[in-house]
>>> print(open('start_36.csv').read())   # CSV, C-alpha atoms
chain,number,residue,atom,x,y,z
F,5,MET,CA,-69.1,3.3,28.1
F,6,SER,CA,-70.3,2.1,31.4
F,7,GLY,CA,-72.7,-0.5,30.1
F,8,ASN,CA,-75.5,2.1,29.7
F,9,GLY,CA,-75.8,2.0,25.9
F,10,PRO,CA,-79.2,2.5,24.3
F,11,SER,CA,-80.9,-0.6,23.2
F,12,ARG,CA,-80.9,0.1,19.4
F,13,ALA,CA,-78.2,1.0,16.9
F,14,ILE,CA,-76.9,4.6,16.9
F,15,ALA,CA,-79.1,6.9,15.0
F,16,ASN,CA,-77.5,9.0,12.2
F,17,PHE,CA,-78.4,12.6,11.4
F,18,GLU,CA,-80.7,11.6,8.5
F,19,GLU,CA,-82.7,9.3,10.7
F,20,ILE,CA,-82.8,11.8,13.5
F,21,ASN,CA,-84.2,14.4,11.2
F,22,SER,CA,-87.0,12.1,10.0
F,23,PRO,CA,-90.6,12.7,11.2
F,24,GLU,CA,-90.7,9.1,12.5
F,25,PHE,CA,-87.8,9.7,14.8
F,26,LEU,CA,-89.2,13.0,16.0
F,27,ALA,CA,-92.4,11.1,16.9
F,28,GLN,CA,-90.3,8.7,18.9
F,29,LEU,CA,-88.6,11.5,20.7
F,30,LEU,CA,-91.9,13.0,21.6
F,31,ALA,CA,-93.3,9.8,22.9
F,32,LYS,CA,-93.8,9.7,26.7
F,33,GLY,CA,-92.2,7.1,28.9
F,34,PRO,CA,-89.3,4.7,28.2
F,35,SER,CA,-89.9,4.7,24.5
F,36,GLY,CA,-89.2,8.4,24.2
F,37,GLN,CA,-86.4,8.2,26.7
F,38,ARG,CA,-84.7,5.5,24.7
F,39,ALA,CA,-85.1,7.5,21.5
F,40,PHE,CA,-83.5,10.5,23.3
F,41,ALA,CA,-80.6,8.3,24.4
F,42,ARG,CA,-80.1,7.2,20.7
F,43,MET,CA,-80.2,10.8,19.6
F,44,VAL,CA,-77.5,11.7,22.1
F,45,GLN,CA,-75.4,8.7,21.0
F,46,GLY,CA,-75.8,9.7,17.4
F,47,THR,CA,-75.1,13.4,17.7
F,48,HIS,CA,-72.8,14.0,20.7
F,49,ASP,CA,-69.6,13.8,18.6
F,50,ARG,CA,-70.7,16.3,16.0
F,51,PHE,CA,-72.2,18.8,18.5
F,52,LEU,CA,-69.2,18.5,20.8
F,53,GLY,CA,-66.9,19.2,17.8
F,54,PHE,CA,-69.0,22.3,17.0
F,55,ILE,CA,-68.8,23.5,20.6
F,56,ARG,CA,-65.1,22.5,20.9
F,57,ARG,CA,-64.2,24.9,18.1
F,58,GLN,CA,-65.7,27.8,20.0
F,59,LEU,CA,-64.8,27.1,23.6
F,60,ALA,CA,-61.5,25.8,24.6
F,61,SER,CA,-61.9,24.2,28.0
F,62,PRO,CA,-62.9,20.5,27.7
F,63,ASP,CA,-64.9,20.7,30.9
F,64,GLU,CA,-66.8,23.8,29.7
F,65,CYS,CA,-67.5,22.1,26.4
F,66,MET,CA,-69.0,19.1,28.2
F,67,GLU,CA,-71.1,21.3,30.4
F,68,VAL,CA,-72.4,23.2,27.5
F,69,LEU,CA,-73.3,20.1,25.6
F,70,GLN,CA,-75.2,18.8,28.6
F,71,GLU,CA,-77.0,22.1,28.8
F,72,VAL,CA,-77.9,21.8,25.1
F,73,TYR,CA,-79.4,18.4,25.6
F,74,LEU,CA,-81.4,19.7,28.6
F,75,ALA,CA,-82.6,22.6,26.5
F,76,VAL,CA,-83.6,20.1,23.7
F,77,HIS,CA,-85.6,18.1,26.2
F,78,LYS,CA,-87.2,21.2,27.6
F,79,GLY,CA,-88.0,22.6,24.2
F,80,LEU,CA,-88.9,19.4,22.4
F,81,PRO,CA,-92.7,19.6,23.0
F,82,GLY,CA,-92.7,23.1,21.4
F,83,PHE,CA,-90.4,22.2,18.5
F,84,ALA,CA,-92.6,22.9,15.5
F,85,GLY,CA,-90.5,21.0,12.9
F,86,LYS,CA,-90.2,24.1,10.7
F,87,SER,CA,-86.5,23.4,10.4
F,88,LYS,CA,-84.5,20.2,10.6
F,89,PHE,CA,-84.2,18.9,14.2
F,90,THR,CA,-80.4,19.0,14.0
F,91,THR,CA,-80.5,22.6,12.8
F,92,TRP,CA,-82.6,23.5,15.8
F,93,VAL,CA,-80.1,21.7,18.1
F,94,PHE,CA,-77.2,23.6,16.4
F,95,SER,CA,-79.1,26.8,17.1
F,96,LEU,CA,-79.5,25.9,20.8
F,97,ALA,CA,-75.8,25.1,20.9
F,98,HIS,CA,-74.9,28.4,19.2
F,99,HIS,CA,-76.9,30.3,21.9
F,100,LYS,CA,-75.3,28.4,24.7
F,101,ILE,CA,-71.9,29.1,23.3
F,102,CYS,CA,-72.7,32.9,22.9
F,103,ASP,CA,-73.9,32.9,26.6
F,104,ARG,CA,-70.6,31.4,27.7
F,105,ILE,CA,-68.5,33.8,25.7
F,106,SER,CA,-70.6,36.8,27.0
F,107,ASP,CA,-70.2,35.5,30.6
F,108,ARG,CA,-66.5,35.1,30.1
F,109,ASP,CA,-66.1,38.5,28.5
F,110,ARG,CA,-68.0,40.1,31.4
F,111,ARG,CA,-66.0,38.2,34.0
F,112,HIS,CA,-62.8,39.2,32.3
F,113,GLN,CA,-64.0,42.8,32.2
F,114,GLU,CA,-64.8,42.7,35.9
F,115,LEU,CA,-61.4,41.3,36.7
F,116,THR,CA,-59.7,43.9,34.5
F,117,GLU,CA,-61.5,46.6,36.4
F,118,SER,CA,-60.5,45.1,39.7
F,119,GLY,CA,-56.8,44.9,38.6
F,120,GLU,CA,-56.6,41.1,38.5
F,121,ALA,CA,-56.6,40.8,34.7
F,122,ALA,CA,-53.0,39.7,34.3
F,123,LEU,CA,-53.5,36.7,36.6
F,124,SER,CA,-56.7,35.7,34.9
F,125,THR,CA,-55.2,35.9,31.4
F,126,GLU,CA,-52.3,33.7,32.4
F,127,ALA,CA,-54.6,31.1,33.9
F,128,SER,CA,-57.1,30.9,31.1
F,129,GLY,CA,-54.4,30.7,28.4
F,130,THR,CA,-52.9,27.7,30.1
F,131,GLU,CA,-56.2,26.0,30.3
F,132,ARG,CA,-57.0,26.7,26.6
F,133,TRP,CA,-53.9,25.3,25.1
F,134,ASP,CA,-53.6,22.4,27.5
F,135,GLY,CA,-57.1,21.4,26.5
F,136,ILE,CA,-56.2,21.4,22.9
F,137,THR,CA,-53.2,19.3,23.4
F,138,ALA,CA,-55.1,16.8,25.5
F,139,TRP,CA,-57.9,16.4,22.9
F,140,ASP,CA,-56.1,16.9,19.7
F,141,ALA,CA,-55.7,14.1,17.2
F,142,PRO,CA,-52.9,11.7,17.8
F,143,PRO,CA,-49.5,12.7,16.3
F,144,ASP,CA,-49.6,9.9,13.7
F,145,ARG,CA,-53.0,11.2,12.4
F,146,VAL,CA,-51.7,14.7,12.3
F,147,SER,CA,-48.6,13.7,10.4
F,148,ALA,CA,-50.6,11.8,7.9
F,149,ARG,CA,-52.6,14.9,6.9
F,150,ASN,CA,-50.9,17.0,4.3
F,151,ALA,CA,-49.3,20.2,5.3
F,152,VAL,CA,-51.9,22.5,3.7
F,153,GLU,CA,-54.7,20.8,5.5
F,154,GLY,CA,-52.8,21.0,8.8
F,155,LEU,CA,-52.3,24.7,8.3
F,156,ILE,CA,-56.0,25.2,7.4
F,157,GLY,CA,-56.9,23.5,10.7
F,158,LYS,CA,-54.8,25.9,12.5
F,159,ALA,CA,-56.1,28.8,10.5
F,160,ILE,CA,-59.7,27.9,11.5
F,161,GLU,CA,-58.6,28.2,15.1
F,162,ALA,CA,-57.3,31.7,14.4
F,163,LEU,CA,-60.7,33.0,13.0
F,164,PRO,CA,-62.7,35.4,15.1
F,165,ALA,CA,-65.6,33.6,16.9
F,166,GLN,CA,-68.5,34.6,14.7
F,167,ALA,CA,-66.6,34.0,11.5
F,168,ARG,CA,-65.5,30.6,12.8
F,169,GLN,CA,-69.1,29.6,13.6
F,170,VAL,CA,-70.4,30.6,10.2
F,171,TYR,CA,-67.4,28.7,8.6
F,172,GLN,CA,-68.0,25.7,10.7
F,173,LEU,CA,-71.7,25.5,10.0
F,174,ARG,CA,-71.4,26.0,6.2
F,175,ASP,CA,-68.0,24.5,5.2
F,176,VAL,CA,-67.4,21.9,8.0
F,177,GLU,CA,-71.0,20.8,8.8
F,178,GLY,CA,-72.2,21.3,5.2
F,179,MET,CA,-75.3,23.3,6.1
F,180,SER,CA,-77.1,25.4,3.5
F,181,GLY,CA,-76.8,29.2,3.8
F,182,GLU,CA,-80.4,29.4,5.0
F,183,GLU,CA,-79.9,26.8,7.7
F,184,SER,CA,-76.7,28.5,8.9
F,185,ALA,CA,-78.5,31.8,8.9
F,186,GLU,CA,-81.3,30.3,11.0
F,187,VAL,CA,-78.8,28.9,13.5
F,188,MET,CA,-76.8,32.1,13.8
F,189,GLY,CA,-79.9,34.4,13.8
F,190,ILE,CA,-78.5,36.4,10.9
F,191,THR,CA,-79.5,36.8,7.2
F,192,PRO,CA,-78.3,34.5,4.5
F,193,ASP,CA,-76.6,37.4,2.8
F,194,ASN,CA,-74.7,38.0,6.0
F,195,VAL,CA,-73.7,34.4,6.1
F,196,ARG,CA,-72.4,34.7,2.6
F,197,VAL,CA,-70.4,37.8,3.4
F,198,GLN,CA,-69.0,36.3,6.6
F,199,LEU,CA,-68.2,33.0,5.0
F,200,HIS,CA,-66.3,34.5,2.1
F,201,ARG,CA,-64.4,36.7,4.6
F,202,ALA,CA,-63.6,33.7,6.8
F,203,ARG,CA,-62.3,31.7,3.8
F,204,LYS,CA,-60.1,34.6,2.7
F,205,GLN,CA,-58.7,34.9,6.2
F,206,ILE,CA,-57.9,31.2,6.2
F,207,VAL,CA,-56.2,31.4,2.8
F,208,GLU,CA,-54.2,34.5,3.8
F,209,TRP,CA,-53.2,33.0,7.1
F,210,VAL,CA,-52.0,29.8,5.4
F,211,GLN,CA,-50.1,31.8,2.7
F,212,GLU,CA,-48.5,33.8,5.4
F,213,LYS,CA,-47.3,30.7,7.2
F,214,MET,CA,-46.2,28.9,3.9
F,215,ASN,CA,-44.2,32.0,3.1
F,216,GLY,CA,-42.4,31.6,6.4
F,217,VAL,CA,-43.9,34.7,8.1
F,218,GLY,CA,-44.7,34.2,11.7
F,219,ASN,CA,-44.9,30.9,13.6
F,220,ALA,CA,-47.3,28.3,12.3
F,221,ASP,CA,-47.3,26.5,15.7
F,222,GLU,CA,-48.8,29.5,17.5
F,223,PRO,CA,-52.2,30.4,16.0
F,224,ARG,CA,-53.6,33.7,17.2
F,225,ALA,CA,-56.1,33.1,20.1
F,226,GLY,CA,-59.1,33.7,17.9
F,227,ARG,CA,-61.5,32.0,20.2
F,228,GLN,CA,-61.0,34.3,23.1
F,229,GLY,CA,-63.3,37.1,22.0
F,230,ASN,CA,-66.7,37.0,20.4
F,231,GLY,CA,-65.4,38.7,17.3
F,232,LYS,CA,-68.4,40.9,16.9
H,29,MET,CA,-51.8,35.6,-22.0
H,30,SER,CA,-48.6,37.3,-20.8
H,31,GLY,CA,-47.5,40.5,-19.1
H,32,TRP,CA,-49.8,42.9,-17.5
H,33,PHE,CA,-52.9,42.4,-19.7
H,34,TYR,CA,-54.8,40.1,-17.4
H,35,LYS,CA,-54.6,42.7,-14.6
H,36,VAL,CA,-56.4,45.2,-16.8
H,37,LEU,CA,-59.3,42.8,-17.1
H,38,TYR,CA,-59.6,42.6,-13.3
H,39,PRO,CA,-57.2,43.4,-10.5
H,40,CYS,CA,-56.3,40.5,-8.2
H,41,ASP,CA,-58.4,41.7,-5.3
H,42,LYS,CA,-61.5,41.7,-7.5
H,43,VAL,CA,-60.8,38.2,-8.8
H,44,ARG,CA,-60.4,36.9,-5.2
H,45,ASP,CA,-63.7,38.5,-4.3
H,46,PHE,CA,-65.3,36.6,-7.1
H,47,MET,CA,-64.1,33.2,-5.8
H,48,TYR,CA,-67.1,32.6,-3.6
H,49,ASP,CA,-69.5,33.0,-6.5
H,50,TYR,CA,-67.2,31.0,-8.8
H,51,LEU,CA,-67.4,28.0,-6.4
H,52,GLU,CA,-71.2,28.5,-6.2
H,53,GLU,CA,-71.3,28.6,-10.0
H,54,LYS,CA,-73.0,31.9,-9.9
H,55,LEU,CA,-70.6,34.1,-11.9
H,56,PRO,CA,-72.3,35.8,-14.8
H,57,THR,CA,-70.9,34.6,-18.2
H,58,ALA,CA,-69.0,37.8,-19.0
H,59,THR,CA,-67.5,38.0,-15.5
H,60,SER,CA,-66.6,34.3,-15.7
H,61,ILE,CA,-64.7,34.8,-18.9
H,62,ARG,CA,-62.7,37.7,-17.5
H,63,PHE,CA,-62.2,35.7,-14.3
H,64,HIS,CA,-60.7,32.8,-16.2
H,65,LEU,CA,-58.5,35.0,-18.4
H,66,HIS,CA,-57.1,36.6,-15.3
H,67,LEU,CA,-56.4,33.2,-13.7
H,68,ASN,CA,-54.7,32.0,-16.9
H,69,GLY,CA,-52.2,34.8,-16.5
H,70,CYS,CA,-51.9,35.1,-12.8
H,71,PRO,CA,-50.1,32.3,-10.9
H,72,GLU,CA,-50.7,34.1,-7.5
H,73,CYS,CA,-54.5,34.0,-8.0
H,74,ARG,CA,-54.3,30.4,-9.2
H,75,ALA,CA,-52.5,29.5,-5.9
H,76,TYR,CA,-55.1,31.6,-4.0
H,77,LEU,CA,-57.9,29.7,-5.7
H,78,PHE,CA,-56.3,26.4,-4.9
H,79,LEU,CA,-56.2,27.3,-1.2
H,80,TYR,CA,-59.7,28.9,-1.3
H,81,LYS,CA,-61.1,25.6,-2.6
H,82,LYS,CA,-59.3,23.7,0.1
H,83,ALA,CA,-60.7,26.0,2.7
H,84,ALA,CA,-64.2,25.6,1.3
H,85,ASP,CA,-64.1,21.9,1.4
H,86,ALA,CA,-63.6,21.4,5.1
H,87,LYS,CA,-65.8,18.4,5.9
H,88,ALA,CA,-62.6,16.5,6.9
H,89,PHE,CA,-62.4,18.8,10.0
H,90,ARG,CA,-65.7,17.5,11.4
H,91,LYS,CA,-63.9,14.9,13.4
H,92,GLU,CA,-61.1,17.2,14.5
H,93,TYR,CA,-62.2,16.9,18.1
H,94,PRO,CA,-63.5,13.4,18.8
H,95,ALA,CA,-65.2,13.1,22.1
H,96,PRO,CA,-63.3,11.2,24.8
H,97,ASP,CA,-64.5,7.7,25.3
H,98,ALA,CA,-65.9,8.4,28.7
H,99,PHE,CA,-67.8,11.4,27.6
H,100,LEU,CA,-70.9,9.7,26.1
H,101,ALA,CA,-71.2,7.5,29.2
H,102,SER,CA,-71.1,10.4,31.5
H,103,THR,CA,-73.5,12.4,29.4
H,104,LEU,CA,-76.0,9.5,29.3
H,105,ASP,CA,-75.5,9.0,33.1
H,106,PHE,CA,-76.2,12.7,33.7
H,107,LEU,CA,-79.3,12.7,31.5
H,108,GLU,CA,-80.5,9.4,33.1
H,109,LYS,CA,-80.3,11.0,36.5
H,110,GLU,CA,-82.3,14.0,35.1
H,111,GLY,CA,-85.0,11.4,34.0
H,112,ILE,CA,-84.5,12.4,30.4
H,113,VAL,CA,-83.1,9.2,28.9
H,114,GLU,CA,-83.6,5.5,29.5
H,115,THR,CA,-80.6,3.5,28.5
H,116,GLY,CA,-81.5,0.0,29.8
H,117,ASP,CA,-82.0,-2.9,27.3
H,118,ASP,CA,-85.7,-3.5,27.3
H,119,PRO,CA,-87.1,-4.2,23.9
H,120,GLN,CA,-90.5,-5.0,25.3
H,121,ALA,CA,-90.8,-1.4,26.6
H,122,ASP,CA,-90.7,-0.1,23.1
H,123,GLN,CA,-94.2,-1.5,22.6
H,124,GLU,CA,-95.5,0.5,25.5
H,125,SER,CA,-97.2,3.7,25.1
H,126,TRP,CA,-98.1,5.8,28.1
>>> encode(input="start_36.csv", output="structure tokens")
Amino acid sequence: MSGNGPSRAIANFEEINSPEFLAQLLAKGPSGQRAFARMVQGTHDRFLGFIRRQLASPDECMEVLQEVYLAVHKGLPGFAGKSKFTTWVFSLAHHKICDRISDRDRRHQELTESGEAALSTEASGTERWDGITAWDAPPDRVSARNAVEGLIGKAIEALPAQARQVYQLRDVEGMSGEESAEVMGITPDNVRVQLHRARKQIVEWVQEKMNGVGNADEPRAGRQGNGK
Amino acid sequence: MSGWFYKVLYPCDKVRDFMYDYLEEKLPTATSIRFHLHLNGCPECRAYLFLYKKAADAKAFRKEYPAPDAFLASTLDFLEKEGIVETGDDPQADQESW
């Protein structure tokens, strides 16, 4: 921190979702601005973790999170409070992530068409895995986790993009099926189907690695496409 | 139960497809009985269920990617330049409303 911490304690998700906090966020002037800073302080880790699972480049993740907070600020006056505030922010993050993936797919398509695909694939692959190494948990933390959990973490990486988003919202963030459906813009039944499929893919991936098939250190690049 | 009988009740694929509803406690009673009879006789499905439960309980992965220390400061700086946040210590200002 560079000495610019908000004046009050960090707000947690429960507090942020309260009507009182929403009223503070909507207040004009320094009061609202300080509430916004507390909201950022209390949410950036969770939202960054969500984005980080979908986009590999650390710089891109930071840009997207900043875009999300800008979108929150812009949309705040119109936020009707029909859903939890944090569910709404997850929804904004989901759309920003989808925009990035679409842009990347389109750029990749353009490069492929102009015959430069090989160079691009090599460059983006390096960025992706270098990013994970740089941001990954320290080795002592990794070794402290049991082997199955370590493999599950890698299996999550290998999920197709949409399945990974559903899985992350439901099983990692602990949202309800309805909330996840709202964030993703799909039906709760679709969430159920995709979540079950994602869990099965994780189990089967872990079993495959535990049985010694393939190389557990090299998860498939599930986050490259949008998986749709 | 031994031998092949448990597979007559339900094949392994079907039992694995019931695991979502099993964890949600939404299996109908008759299905639940067959599901458990199959599990009793099938070590592969028991192992599968163990991993399925682990996969479904993934809150530990929330902090898999902690933000770098400088990230919050740079985000707040960025938002402050945009006029969106106020990060200075000014408890008096909380009383203001304008």
>>> residues_around(input="start_36.csv", residues="Phe46 in chain H", least_positions_apart="5", cutoff="10 Å", atoms="all atoms listed in the file", output="PyMOL selection string")
(chain F and resi 200) or (chain H and resi 40-41+51+54-55+59-60+63)
>>> residues_around(input="start_36.csv", residues="Tyr76 in chain H", least_positions_apart="2", cutoff="12 Å", atoms="all atoms listed in the file", output="NGL selection string")
(:F and (203-212)) or (:H and (40-41 or 43-47 or 67 or 70-74 or 78-83))
>>> atom_distance(input="start_36.csv", atom1="CA of Gly181 in chain F", atom2="CA of Ser95 in chain F")
13.7 Å
>>> atom_distance(input="start_36.csv", atom1="CA of Ser22 in chain F", atom2="CA of Lys78 in chain F")
19.8 Å
>>> residues_around(input="start_36.csv", residues="Glu108 in chain H", least_positions_apart="5", cutoff="12 Å", atoms="only C-alpha atoms", output="MDAnalysis selection string")
(chainID F and resid 8:10 34 37:38 40:41 44 70 73:74) or (chainID H and resid 100:103 113:116)
>>> residues_near_point(input="start_36.csv", point="(-62.6, 42.5, -18.4)", cutoff="6 Å", atoms="only C-alpha atoms", output="list in words")
Leu37, Tyr38 and Arg62 of chain H
>>> write_last_selection(input="start_36.csv", atoms="C-alpha atoms", output="compact mmCIF listing (two decimals), in the coordinates of the input")
# COMPACT_ATOMS: atom_id res chain seq x y z
CA LEU H 37 -59.30 42.80 -17.10
CA TYR H 38 -59.60 42.60 -13.30
CA ARG H 62 -62.70 37.70 -17.50
>>> closest_residue(input="start_36.csv", among="H:Leu104, H:Asp49, H:Pro96, H:Ala84", to="Asp63 in chain F", atoms="only C-alpha atoms")
H:Pro96
>>> residues_around(input="start_36.csv", residues="Ala95 in chain H", least_positions_apart="6", cutoff="9 Å", atoms="all atoms listed in the file", output="ChimeraX atom specification")
/F:48-50,52-53,139
>>> write_last_selection(input="start_36.csv", atoms="C-alpha atoms", output="tab-separated table (two decimals), in the frame of the given file")
chain	number	residue	atom	x	y	z
F	48	HIS	CA	-72.80	14.00	20.70
F	49	ASP	CA	-69.60	13.80	18.60
F	50	ARG	CA	-70.70	16.30	16.00
F	52	LEU	CA	-69.20	18.50	20.80
F	53	GLY	CA	-66.90	19.20	17.80
F	139	TRP	CA	-57.90	16.40	22.90
>>> closest_residue(input="start_36.csv", among="F:Glu182, F:Ile190, F:Asp175, F:Gly82", to="chain H", atoms="only C-alpha atoms")
F:Asp175
>>> residues_near_point(input="start_36.csv", point="(-73.0, 33.2, 25.4)", cutoff="12 Å", atoms="all atoms listed in the file", output="MDAnalysis selection string")
chainID F and resid 55 58:59 68 96:110 165:166 229:230
>>> closest_residue(input="start_36.csv", among="F:Gly178, F:Ala151, F:Pro164, F:Lys86", to="chain H", atoms="all atoms listed in the file")
F:Gly178
>>> closest_residue(input="start_36.csv", among="H:Arg90, H:His66, H:Lys42, H:Lys35", to="chain F", atoms="all atoms listed in the file")
H:Arg90
>>> atom_distance(input="start_36.csv", atom1="CA of Asn194 in chain F", atom2="CA of Ser87 in chain F")
19.3 Å
>>> build_atoms(input="start_36.csv", residues="range 206-215 of chain F", atoms="all heavy atoms", output="mmCIF file, keeping the file's coordinate frame")
data_model
loop_
_atom_site.group_PDB
_atom_site.id
_atom_site.type_symbol
_atom_site.label_atom_id
_atom_site.label_comp_id
_atom_site.auth_asym_id
_atom_site.auth_seq_id
_atom_site.Cartn_x
_atom_site.Cartn_y
_atom_site.Cartn_z
ATOM 1 N N ILE F 206 -58.596 32.524 6.102
ATOM 2 C CA ILE F 206 -57.900 31.200 6.200
ATOM 3 C C ILE F 206 -56.813 31.162 5.123
ATOM 4 O O ILE F 206 -55.656 30.820 5.404
ATOM 5 C CB ILE F 206 -58.900 30.064 6.037
ATOM 6 C CG1 ILE F 206 -59.778 29.966 7.285
ATOM 7 C CG2 ILE F 206 -58.165 28.741 5.799
ATOM 8 C CD1 ILE F 206 -60.957 29.023 7.144
ATOM 9 N N VAL F 207 -57.169 31.493 3.883
ATOM 10 C CA VAL F 207 -56.200 31.400 2.800
ATOM 11 C C VAL F 207 -55.005 32.328 3.088
ATOM 12 O O VAL F 207 -53.843 31.919 2.943
ATOM 13 C CB VAL F 207 -56.868 31.863 1.450
ATOM 14 C CG1 VAL F 207 -55.826 32.056 0.367
ATOM 15 C CG2 VAL F 207 -57.905 30.843 1.019
ATOM 16 N N GLU F 208 -55.305 33.545 3.535
ATOM 17 C CA GLU F 208 -54.200 34.500 3.800
ATOM 18 C C GLU F 208 -53.337 34.069 4.945
ATOM 19 O O GLU F 208 -52.118 34.236 4.926
ATOM 20 C CB GLU F 208 -54.770 35.909 3.896
ATOM 21 C CG GLU F 208 -55.111 36.461 2.511
ATOM 22 C CD GLU F 208 -56.215 37.514 2.484
ATOM 23 O OE1 GLU F 208 -56.430 38.157 3.524
ATOM 24 O OE2 GLU F 208 -56.858 37.669 1.417
ATOM 25 N N TRP F 209 -53.970 33.487 5.943
ATOM 26 C CA TRP F 209 -53.200 33.000 7.100
ATOM 27 C C TRP F 209 -52.278 31.847 6.649
ATOM 28 O O TRP F 209 -51.103 31.807 7.012
ATOM 29 C CB TRP F 209 -54.174 32.503 8.182
ATOM 30 C CG TRP F 209 -53.541 32.264 9.528
ATOM 31 C CD1 TRP F 209 -53.413 33.167 10.543
ATOM 32 C CD2 TRP F 209 -52.951 31.048 9.997
ATOM 33 N NE1 TRP F 209 -52.787 32.585 11.610
ATOM 34 C CE2 TRP F 209 -52.490 31.292 11.306
ATOM 35 C CE3 TRP F 209 -52.768 29.779 9.445
ATOM 36 C CZ2 TRP F 209 -51.858 30.314 12.083
ATOM 37 C CZ3 TRP F 209 -52.134 28.814 10.217
ATOM 38 C CH2 TRP F 209 -51.691 29.075 11.507
ATOM 39 N N VAL F 210 -52.836 30.927 5.851
ATOM 40 C CA VAL F 210 -52.000 29.800 5.400
ATOM 41 C C VAL F 210 -50.893 30.277 4.490
ATOM 42 O O VAL F 210 -49.747 29.830 4.628
ATOM 43 C CB VAL F 210 -52.929 28.778 4.614
ATOM 44 C CG1 VAL F 210 -52.090 27.728 3.904
ATOM 45 C CG2 VAL F 210 -53.904 28.102 5.567
ATOM 46 N N GLN F 211 -51.199 31.215 3.597
ATOM 47 C CA GLN F 211 -50.100 31.800 2.700
ATOM 48 C C GLN F 211 -49.033 32.405 3.526
ATOM 49 O O GLN F 211 -47.856 32.227 3.232
ATOM 50 C CB GLN F 211 -50.743 32.774 1.749
ATOM 51 C CG GLN F 211 -51.495 32.127 0.596
ATOM 52 C CD GLN F 211 -51.929 33.127 -0.451
ATOM 53 O OE1 GLN F 211 -52.250 34.267 -0.126
ATOM 54 N NE2 GLN F 211 -51.953 32.702 -1.704
ATOM 55 N N GLU F 212 -49.451 33.125 4.559
ATOM 56 C CA GLU F 212 -48.500 33.800 5.400
ATOM 57 C C GLU F 212 -47.522 32.780 6.049
ATOM 58 O O GLU F 212 -46.312 32.948 6.056
ATOM 59 C CB GLU F 212 -49.243 34.554 6.498
ATOM 60 C CG GLU F 212 -48.445 35.589 7.252
ATOM 61 C CD GLU F 212 -49.340 36.283 8.284
ATOM 62 O OE1 GLU F 212 -50.262 36.994 7.871
ATOM 63 O OE2 GLU F 212 -49.120 36.080 9.489
ATOM 64 N N LYS F 213 -48.120 31.685 6.528
ATOM 65 C CA LYS F 213 -47.300 30.700 7.200
ATOM 66 C C LYS F 213 -46.440 29.912 6.143
ATOM 67 O O LYS F 213 -45.300 29.545 6.424
ATOM 68 C CB LYS F 213 -48.166 29.654 7.928
ATOM 69 C CG LYS F 213 -49.011 30.257 9.013
ATOM 70 C CD LYS F 213 -48.187 31.064 9.991
ATOM 71 C CE LYS F 213 -49.072 31.907 10.897
ATOM 72 N NZ LYS F 213 -48.317 32.930 11.634
ATOM 73 N N MET F 214 -47.015 29.663 4.970
ATOM 74 C CA MET F 214 -46.200 28.900 3.900
ATOM 75 C C MET F 214 -45.084 29.791 3.435
ATOM 76 O O MET F 214 -44.057 29.268 3.010
ATOM 77 C CB MET F 214 -47.156 28.551 2.771
ATOM 78 C CG MET F 214 -48.122 27.449 3.139
ATOM 79 S SD MET F 214 -49.301 27.117 1.842
ATOM 80 C CE MET F 214 -48.378 25.991 0.819
ATOM 81 N N ASN F 215 -45.266 31.098 3.498
ATOM 82 C CA ASN F 215 -44.200 32.000 3.100
ATOM 83 C C ASN F 215 -43.180 32.222 4.204
ATOM 84 O O ASN F 215 -42.271 33.026 4.070
ATOM 85 C CB ASN F 215 -44.736 33.324 2.588
ATOM 86 C CG ASN F 215 -45.513 33.154 1.301
ATOM 87 O OD1 ASN F 215 -45.275 32.211 0.550
ATOM 88 N ND2 ASN F 215 -46.458 34.045 1.050
#
